[in-house]
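Below is data.txt, which holds compact mmCIF, C-alpha atoms.
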# COMPACT_ATOMS: atom_id res chain seq x y z
CA PRO A 23 -16.15 7.41 14.44
CA VAL A 24 -15.71 4.81 11.73
CA GLY A 25 -15.68 1.12 12.53
CA ARG A 26 -15.26 -0.59 15.85
CA CYS A 27 -12.37 -1.42 18.15
CA SER A 28 -11.63 -5.13 18.31
CA HIS A 29 -8.93 -7.80 18.53
CA PRO A 30 -6.57 -6.06 20.96
CA VAL A 31 -2.89 -6.56 20.09
CA LEU A 32 -1.20 -8.73 22.70
CA ARG A 33 2.31 -7.45 21.99
CA MET A 34 3.35 -4.01 20.77
CA PHE A 35 6.65 -3.21 19.11
CA LYS A 36 9.74 -3.91 21.18
CA ASN A 37 12.21 -3.11 18.40
CA LEU A 38 10.67 -0.23 16.46
CA PRO A 39 10.41 3.10 18.29
CA LEU A 40 7.79 5.42 16.84
CA ASN A 41 8.14 9.17 16.46
CA ARG A 42 4.67 9.51 14.92
CA PRO A 43 1.59 7.28 14.63
CA LEU A 44 1.88 4.14 12.53
CA ALA A 45 -1.26 2.81 10.82
CA VAL A 46 -1.08 -0.90 10.01
CA ILE A 47 -3.59 -1.76 7.29
CA ASP A 48 -5.07 -4.92 5.81
CA LEU A 49 -7.86 -5.29 3.25
CA GLU A 50 -10.10 -8.09 2.03
CA THR A 51 -11.57 -7.51 -1.43
CA THR A 52 -13.72 -8.88 -4.23
CA GLY A 53 -10.65 -9.17 -6.46
CA VAL A 54 -7.08 -8.02 -6.96
CA ASN A 55 -7.59 -5.55 -9.81
CA PRO A 56 -7.97 -2.02 -8.35
CA GLN A 57 -10.13 -0.94 -11.29
CA THR A 58 -12.72 -3.67 -10.81
CA GLY A 59 -12.13 -4.98 -7.28
CA ARG A 60 -13.88 -3.53 -4.24
CA ILE A 61 -13.03 -3.58 -0.55
CA VAL A 62 -15.26 -5.76 1.64
CA GLU A 63 -13.28 -5.51 4.87
CA VAL A 64 -10.72 -3.01 6.12
CA SER A 65 -8.78 -3.22 9.35
CA VAL A 66 -6.57 -0.41 10.66
CA LEU A 67 -4.42 -0.74 13.74
CA LYS A 68 -3.25 2.77 14.66
CA ILE A 69 -0.30 2.65 17.06
CA LEU A 70 0.78 5.85 18.78
CA PRO A 71 4.35 6.63 19.88
CA ASP A 72 3.38 6.11 23.53
CA GLY A 73 2.29 2.54 22.71
CA THR A 74 -1.44 3.11 22.99
CA ASN A 75 -3.44 1.94 20.03
CA ARG A 76 -6.81 1.97 18.35
CA HIS A 77 -7.90 -1.02 16.26
CA VAL A 78 -10.75 -0.42 13.83
CA THR A 79 -12.24 -3.18 11.66
CA LEU A 80 -15.12 -2.54 9.29
CA ARG A 81 -16.98 -4.64 6.75
CA LEU A 82 -18.29 -2.85 3.67
CA ASP A 83 -20.96 -3.52 1.08
CA PRO A 84 -18.98 -3.53 -2.19
CA GLY A 85 -22.07 -2.92 -4.30
CA VAL A 86 -21.08 -5.83 -6.55
CA PRO A 87 -21.18 -9.62 -6.12
CA ILE A 88 -18.32 -11.23 -4.24
CA PRO A 89 -16.91 -13.99 -6.47
CA PRO A 90 -16.84 -17.48 -4.91
CA GLU A 91 -13.07 -17.63 -5.36
CA ALA A 92 -12.71 -14.47 -3.23
CA THR A 93 -15.05 -15.87 -0.56
CA ASP A 94 -12.96 -19.05 -0.54
CA ILE A 95 -9.99 -16.91 0.53
CA HIS A 96 -11.46 -14.57 3.14
CA GLY A 97 -14.76 -16.30 4.00
CA ILE A 98 -16.93 -13.21 3.41
CA THR A 99 -20.07 -13.63 1.33
CA TYR A 100 -22.22 -10.85 -0.08
CA ALA A 101 -24.94 -11.79 2.39
CA ASP A 102 -22.48 -10.97 5.19
CA VAL A 103 -22.08 -7.35 4.04
CA ALA A 104 -25.24 -6.55 2.07
CA GLY A 105 -26.87 -3.37 3.32
CA GLY A 106 -23.79 -2.28 5.22
CA PRO A 107 -21.89 0.96 4.64
CA LYS A 108 -20.18 1.49 1.31
CA PHE A 109 -16.62 2.76 1.01
CA ALA A 110 -17.81 6.23 0.03
CA ASN A 111 -19.72 6.45 3.31
CA VAL A 112 -16.60 5.92 5.40
CA ALA A 113 -13.92 7.47 3.17
CA ARG A 114 -13.74 10.77 5.06
CA ASP A 115 -13.53 9.03 8.45
CA LEU A 116 -10.78 6.73 7.16
CA LEU A 117 -8.78 9.69 5.92
CA GLU A 118 -9.16 11.30 9.34
CA LEU A 119 -8.04 8.08 11.04
CA LEU A 120 -4.95 7.86 8.80
CA ASP A 121 -4.10 11.56 8.98
CA GLY A 122 -0.54 12.14 10.20
CA CYS A 123 0.31 8.42 10.16
CA ASP A 124 3.10 6.51 8.55
CA LEU A 125 1.70 3.38 6.90
CA CYS A 126 2.44 -0.31 7.25
CA GLY A 127 0.96 -3.51 5.87
CA PHE A 128 1.90 -6.89 4.51
CA ASN A 129 2.10 -6.35 0.71
CA ILE A 130 0.77 -2.82 1.20
CA ARG A 131 2.94 -1.34 -1.56
CA ARG A 132 1.71 -3.63 -4.34
CA PHE A 133 -1.84 -4.29 -3.21
CA ASP A 134 -3.45 -2.40 -0.32
CA LEU A 135 -2.27 1.09 -1.31
CA ARG A 136 -3.35 0.59 -4.92
CA MET A 137 -6.76 -0.68 -3.85
CA LEU A 138 -7.22 2.16 -1.36
CA HIS A 139 -6.12 4.71 -3.97
CA ALA A 140 -8.75 3.43 -6.41
CA GLU A 141 -11.51 3.34 -3.79
CA PHE A 142 -10.72 6.84 -2.52
CA GLN A 143 -10.64 8.10 -6.10
CA ARG A 144 -14.09 6.62 -6.78
CA ALA A 145 -15.29 8.34 -3.60
CA GLY A 146 -13.96 11.68 -4.83
CA ALA A 147 -11.11 11.76 -2.32
CA THR A 148 -7.35 11.22 -2.23
CA LEU A 149 -5.11 9.43 0.25
CA PRO A 150 -2.00 11.65 0.29
CA LEU A 151 1.29 9.76 0.46
CA GLY A 152 3.68 12.72 0.55
CA GLY A 153 5.74 12.82 3.73
CA ARG A 154 4.69 9.35 4.84
CA ALA A 155 6.99 6.40 5.35
CA VAL A 156 5.50 3.16 3.99
CA ILE A 157 6.77 -0.02 5.66
CA ASP A 158 6.00 -3.37 4.02
CA PRO A 159 7.13 -6.42 6.03
CA LEU A 160 6.64 -8.48 2.86
CA GLN A 161 9.43 -6.45 1.26
CA ILE A 162 11.75 -7.22 4.18
CA PHE A 163 10.62 -10.84 4.15
CA HIS A 164 11.24 -11.29 0.42
CA VAL A 165 14.70 -9.79 0.75
CA ARG A 166 15.56 -11.96 3.77
CA GLU A 167 13.39 -15.09 3.47
CA ARG A 168 11.06 -14.85 0.41
CA ARG A 169 7.78 -16.31 1.74
CA ASP A 170 4.15 -15.23 2.41
CA LEU A 171 2.45 -14.04 5.63
CA ALA A 172 1.52 -17.52 6.84
CA ALA A 173 5.12 -18.66 6.38
CA ALA A 174 6.32 -15.48 8.09
CA VAL A 175 4.15 -16.22 11.13
CA GLN A 176 5.50 -19.78 11.23
CA PHE A 177 9.11 -18.72 10.70
CA TYR A 178 9.29 -15.66 12.95
CA LEU A 179 6.65 -16.45 15.58
CA GLY A 180 6.82 -20.25 15.65
CA ARG A 181 3.10 -20.88 15.24
CA GLU A 182 0.46 -21.54 12.61
CA HIS A 183 -1.31 -18.46 11.23
CA VAL A 184 -4.81 -19.37 12.44
CA GLY A 185 -7.51 -17.18 10.91
CA ALA A 186 -5.49 -16.13 7.88
CA HIS A 187 -7.30 -13.78 5.47
CA SER A 188 -9.37 -12.24 8.20
CA ALA A 189 -8.28 -8.61 7.95
CA ALA A 190 -8.23 -8.12 11.73
CA VAL A 191 -6.14 -11.28 12.28
CA ASP A 192 -3.77 -10.47 9.42
CA VAL A 193 -3.16 -6.92 10.59
CA THR A 194 -2.33 -8.15 14.09
CA ALA A 195 0.02 -10.81 12.71
CA THR A 196 1.70 -8.14 10.57
CA VAL A 197 2.63 -6.16 13.70
CA GLU A 198 4.03 -9.23 15.43
CA VAL A 199 5.97 -10.38 12.36
CA LEU A 200 7.51 -6.95 11.76
CA ASP A 201 8.55 -6.70 15.40
CA ALA A 202 10.05 -10.20 15.34
CA MET A 203 11.94 -9.35 12.12
CA LEU A 204 13.57 -6.39 13.84
CA GLU A 205 14.51 -8.58 16.79
CA ARG A 206 16.07 -11.18 14.48
CA TYR A 207 17.90 -8.76 12.15
CA SER A 208 19.83 -6.53 14.52
CA ASP A 209 21.45 -4.65 11.60
CA LEU A 210 18.13 -3.23 10.38
CA PRO A 211 17.32 0.44 11.22
CA ARG A 212 15.27 1.07 14.34
CA GLY A 213 13.18 3.99 13.11
CA VAL A 214 10.19 3.98 10.77
CA ALA A 215 11.64 6.61 8.40
CA ASP A 216 15.07 4.95 8.41
CA LEU A 217 13.55 1.52 7.81
CA TYR A 218 11.54 2.95 4.94
CA GLN A 219 14.62 4.51 3.35
CA HIS A 220 16.66 1.33 3.88
CA PHE A 221 14.39 -0.71 1.59
CA LYS A 222 13.37 2.04 -0.81
CA ASP A 223 14.74 1.68 -4.34
CA PRO A 224 17.16 4.62 -4.69
CA ASN A 225 16.19 4.94 -8.34
CA GLU A 226 12.44 4.95 -7.66
CA VAL A 227 10.76 8.09 -8.99
CA ASP A 228 7.12 7.49 -8.01
CA SER A 229 5.04 5.30 -5.69
CA ASN A 230 3.49 3.37 -8.57
CA GLY A 231 6.92 2.31 -9.82
CA CYS A 232 6.04 3.59 -13.29
CA PHE A 233 9.29 5.50 -13.64
CA THR A 234 12.89 4.84 -12.68
CA ARG A 235 16.01 6.96 -12.79
CA VAL A 236 18.83 5.65 -15.01
CA GLU A 237 22.06 7.68 -15.04
CA GLY A 238 20.14 10.74 -13.93
CA GLN A 239 17.45 10.34 -16.60
CA VAL A 240 13.82 9.45 -15.81
CA ARG A 241 12.70 6.47 -17.89
CA PHE A 242 9.55 4.37 -18.16
CA ALA A 243 9.59 1.21 -16.02
CA PHE A 244 6.40 -0.33 -17.42
CA GLY A 245 4.32 -0.85 -20.55
CA LYS A 246 5.18 -0.38 -24.20
CA PHE A 247 7.57 2.48 -23.48
CA ARG A 248 9.56 0.57 -20.86
CA GLY A 249 13.16 1.76 -20.88
CA GLN A 250 12.44 4.88 -22.95
CA PRO A 251 13.15 8.38 -21.57
CA LEU A 252 10.09 10.16 -20.23
CA ASN A 253 11.06 13.38 -22.02
CA THR A 254 11.23 11.55 -25.35
CA VAL A 255 7.75 10.09 -24.89
CA ALA A 256 6.45 13.52 -23.80
CA ARG A 257 7.81 14.99 -27.05
CA GLU A 258 6.77 12.20 -29.43
CA ARG A 259 3.67 10.73 -27.76
CA PRO A 260 2.14 13.34 -25.43
CA ASP A 261 -1.22 11.64 -26.00
CA TYR A 262 0.03 8.64 -24.03
CA LEU A 263 0.91 10.84 -21.07
CA GLN A 264 -2.50 12.50 -21.30
CA TRP A 265 -4.00 9.01 -21.18
CA MET A 266 -2.03 8.28 -18.00
CA LEU A 267 -3.51 11.37 -16.35
CA GLY A 268 -6.98 9.88 -16.83
CA GLN A 269 -6.11 6.57 -15.18
CA ASP A 270 -5.94 5.57 -11.51
CA PHE A 271 -2.21 6.08 -11.01
CA PHE A 272 -1.09 7.62 -7.72
CA GLU A 273 -0.96 11.40 -7.58
CA ASP A 274 2.85 11.54 -7.42
CA THR A 275 2.99 9.52 -10.67
CA LYS A 276 0.64 12.02 -12.31
CA ALA A 277 2.75 14.89 -10.97
CA VAL A 278 5.80 13.46 -12.77
CA VAL A 279 3.73 13.18 -15.97
CA ARG A 280 2.37 16.73 -15.67
CA GLU A 281 5.86 18.09 -15.14
CA ALA A 282 7.13 16.31 -18.27
CA LEU A 283 4.23 17.66 -20.34
CA SER A 284 4.81 21.15 -18.94
CA ARG A 285 8.50 21.01 -19.88
CA GLN A 286 7.59 19.89 -23.38
CA ARG A 287 5.09 22.72 -23.83
CA THR A 288 7.72 25.20 -22.62
CA CYS A 289 10.22 23.87 -25.18
CA VAL A 290 7.67 24.12 -27.99
CA THR A 291 6.77 27.74 -27.20
CA ALA A 292 10.37 28.86 -26.54
Mind turning the file's structure into structure tokens?
Amino acid sequence: PVGRCSHPVLRMFKNLPLNRPLAVIDLETTGVNPQTGRIVEVSVLKILPDGTNRHVTLRLDPGVPIPPEATDIHGITYADVAGGPKFANVARDLLELLDGCDLCGFNIRRFDLRMLHAEFQRAGATLPLGGRAVIDPLQIFHVRERRDLAAAVQFYLGREHVGAHSAAVDVTATVEVLDAMLERYSDLPRGVADLYQHFKDPNEVDSNGCFTRVEGQVRFAFGKFRGQPLNTVARERPDYLQWMLGQDFFEDTKAVVREALSRQRTCVTA
């Protein structure tokens, strides 16, 4: 099995009943760009509906230098991980660990999922997101309080976040913060899927946030075609959509692109 069990959680959820396993994830990396950054530490706390849990933390050799500014944040130097397993060596075991789990993590939607997607892609694998709820306490926090994890620990738990930017410490704090949020905000849903739907943008088309639905029409939400209808770009600039298929967007984003290209080809041949 991948990794090692460590840092037992002192307090499980009191306010979030689970119908399926929930994997709480935190990463430490060489940088924030998924195309160039590499994971140096991954921690997964897998919580089962019966309250039992498995906590796996693993340090990885990124195969590239760790910039001093990254070490200043998480305290990991290349000497600490040199010669250790690389992400490709543990990718299959991580997928097995996450299989059947909903996902959770502080800033997971904007950072951890994108980094994992890129690393799995480089390893020749895919982390499927279909059918999973993705809970991000940062999203709740920004809507309700608008701070970072250290401030969340101080605000919701009444203590300093000692050991911040250690993946194992951060993932444990994420569980406690999320649980305390649910205790504080009694109007929030009490199920993972319901909580996910509560904060999900109703106009969101894909996990990357590349497309949004405006008056029933799918439009670009990023880049030089922001605001333009996807079907128009597919008709006038199909080369741009082909370019997107070669990049590290999530698979559901690429599925939207493929569907638009397919519709355009059908119109041309009709």
- Message: Which residues are near stretch 155-159 of chain A? Cut-off 8 Å, only C-alpha atoms, ignore same chain within fewer than 6 positions. Put them as JSON, numbers by chain.
- Response: {"A": [124, 125, 126, 127, 128, 129, 130, 131, 196, 199, 200, 214, 215, 217, 218]}
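When all atoms listed in the file are used to measure the gap to A:Asn55, the shortest distance among A:Met266, A:Leu138, A:Ala113, A:Leu283 belongs to A:Leu138.
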- Could you pull the residues within 7 Å of A:Gly213, counting all atoms listed in the file, minus those fewer than 4 positions along the same chain, as a ChimeraX atom specification? /A:38-40,217
- Message: List the spatial neighbours of A:Leu151 as a list of chain:residue names - criterion: any atom at most 12 Å away, only C-alpha atoms, same-chain residues fewer than 4 positions off excluded.
- Response: A:Leu117, A:Leu120, A:Asp121, A:Gly122, A:Cys123, A:Asp124, A:Leu125, A:Arg131, A:Leu135, A:Arg136, A:Leu138, A:His139, A:Ala155, A:Val156, A:Asp228, A:Ser229, A:Asn230, A:Phe272, A:Glu273, A:Asp274, A:Thr275
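Taking only C-alpha atoms into account, those protein, DNA and RNA residues with any atom at most 12 Å away from (12.1, 5.6, -10.1) amount to Lys222, Asp223, Pro224, Asn225, Glu226, Val227, Asp228, Ser229, Asn230, Gly231, Cys232, Phe233, Thr234, Arg235, Val236, Glu237, Gly238, Gln239, Val240, Arg241, Phe242, Ala243, Phe244, Gly249, Pro251, Leu252, Asp274, Thr275 and Val278 of chain A.
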- Message: If I take atom CA of A:Arg132 and atom CA of A:Glu91, how far is one from the other in Å, to one decimal?
- Response: 20.4 Å
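Every protein or nucleic acid residue with an atom no more than 12 Å from A:Val112, counting all atoms listed in the file and leaving out same-chain residues fewer than 6 positions away, appears here: Pro23, Val24, Gly25, Ile61, Glu63, Val64, Thr79, Leu80, Arg81, Leu82, Asp83, Gly106, Glu118, Leu119, Glu141, Phe142, Ala145 and Ala147 of chain A.
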- Mind checking which residues fall within 10 Å of A:Thr99, counting all atoms listed in the file, ignoring those fewer than 4 positions away in the same chain, and posting them as a list in words? Thr52, Val62, Pro87, Ile88, Pro89, Pro90, Ala92, Thr93, Asp94, Val103 and Ala104 of chain A
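Minimum atom-to-atom distance to A:Gly185, evaluated using all atoms listed in the file, belongs to A:His96 out of A:His96, A:Lys246, A:His164, A:Arg206.
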- Item | Closest of A:Arg114, A:Arg280, A:Lys68, A:Arg166 to A:Pro260 - atom-to-atom distances counting only C-alpha atoms | A:Arg280
- Mind pulling up the distance from atom CA of A:Leu171 to atom CA of A:Met203? 12.4 Å
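Of note, atom CA of A:His220 and atom CA of A:Leu149 are spaced 23.5 Å apart.
Of the residues listed (A:Asp170, A:Glu198, A:Val255, A:Leu160), A:Leu160 shows the shortest atom-to-atom separation from A:Phe221; distances use all atoms listed in the file.
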- Between A:Ala45, A:Val191, A:Ala202, A:Val54, smallest distance to A:Leu179 by only C-alpha atoms belongs to A:Ala202
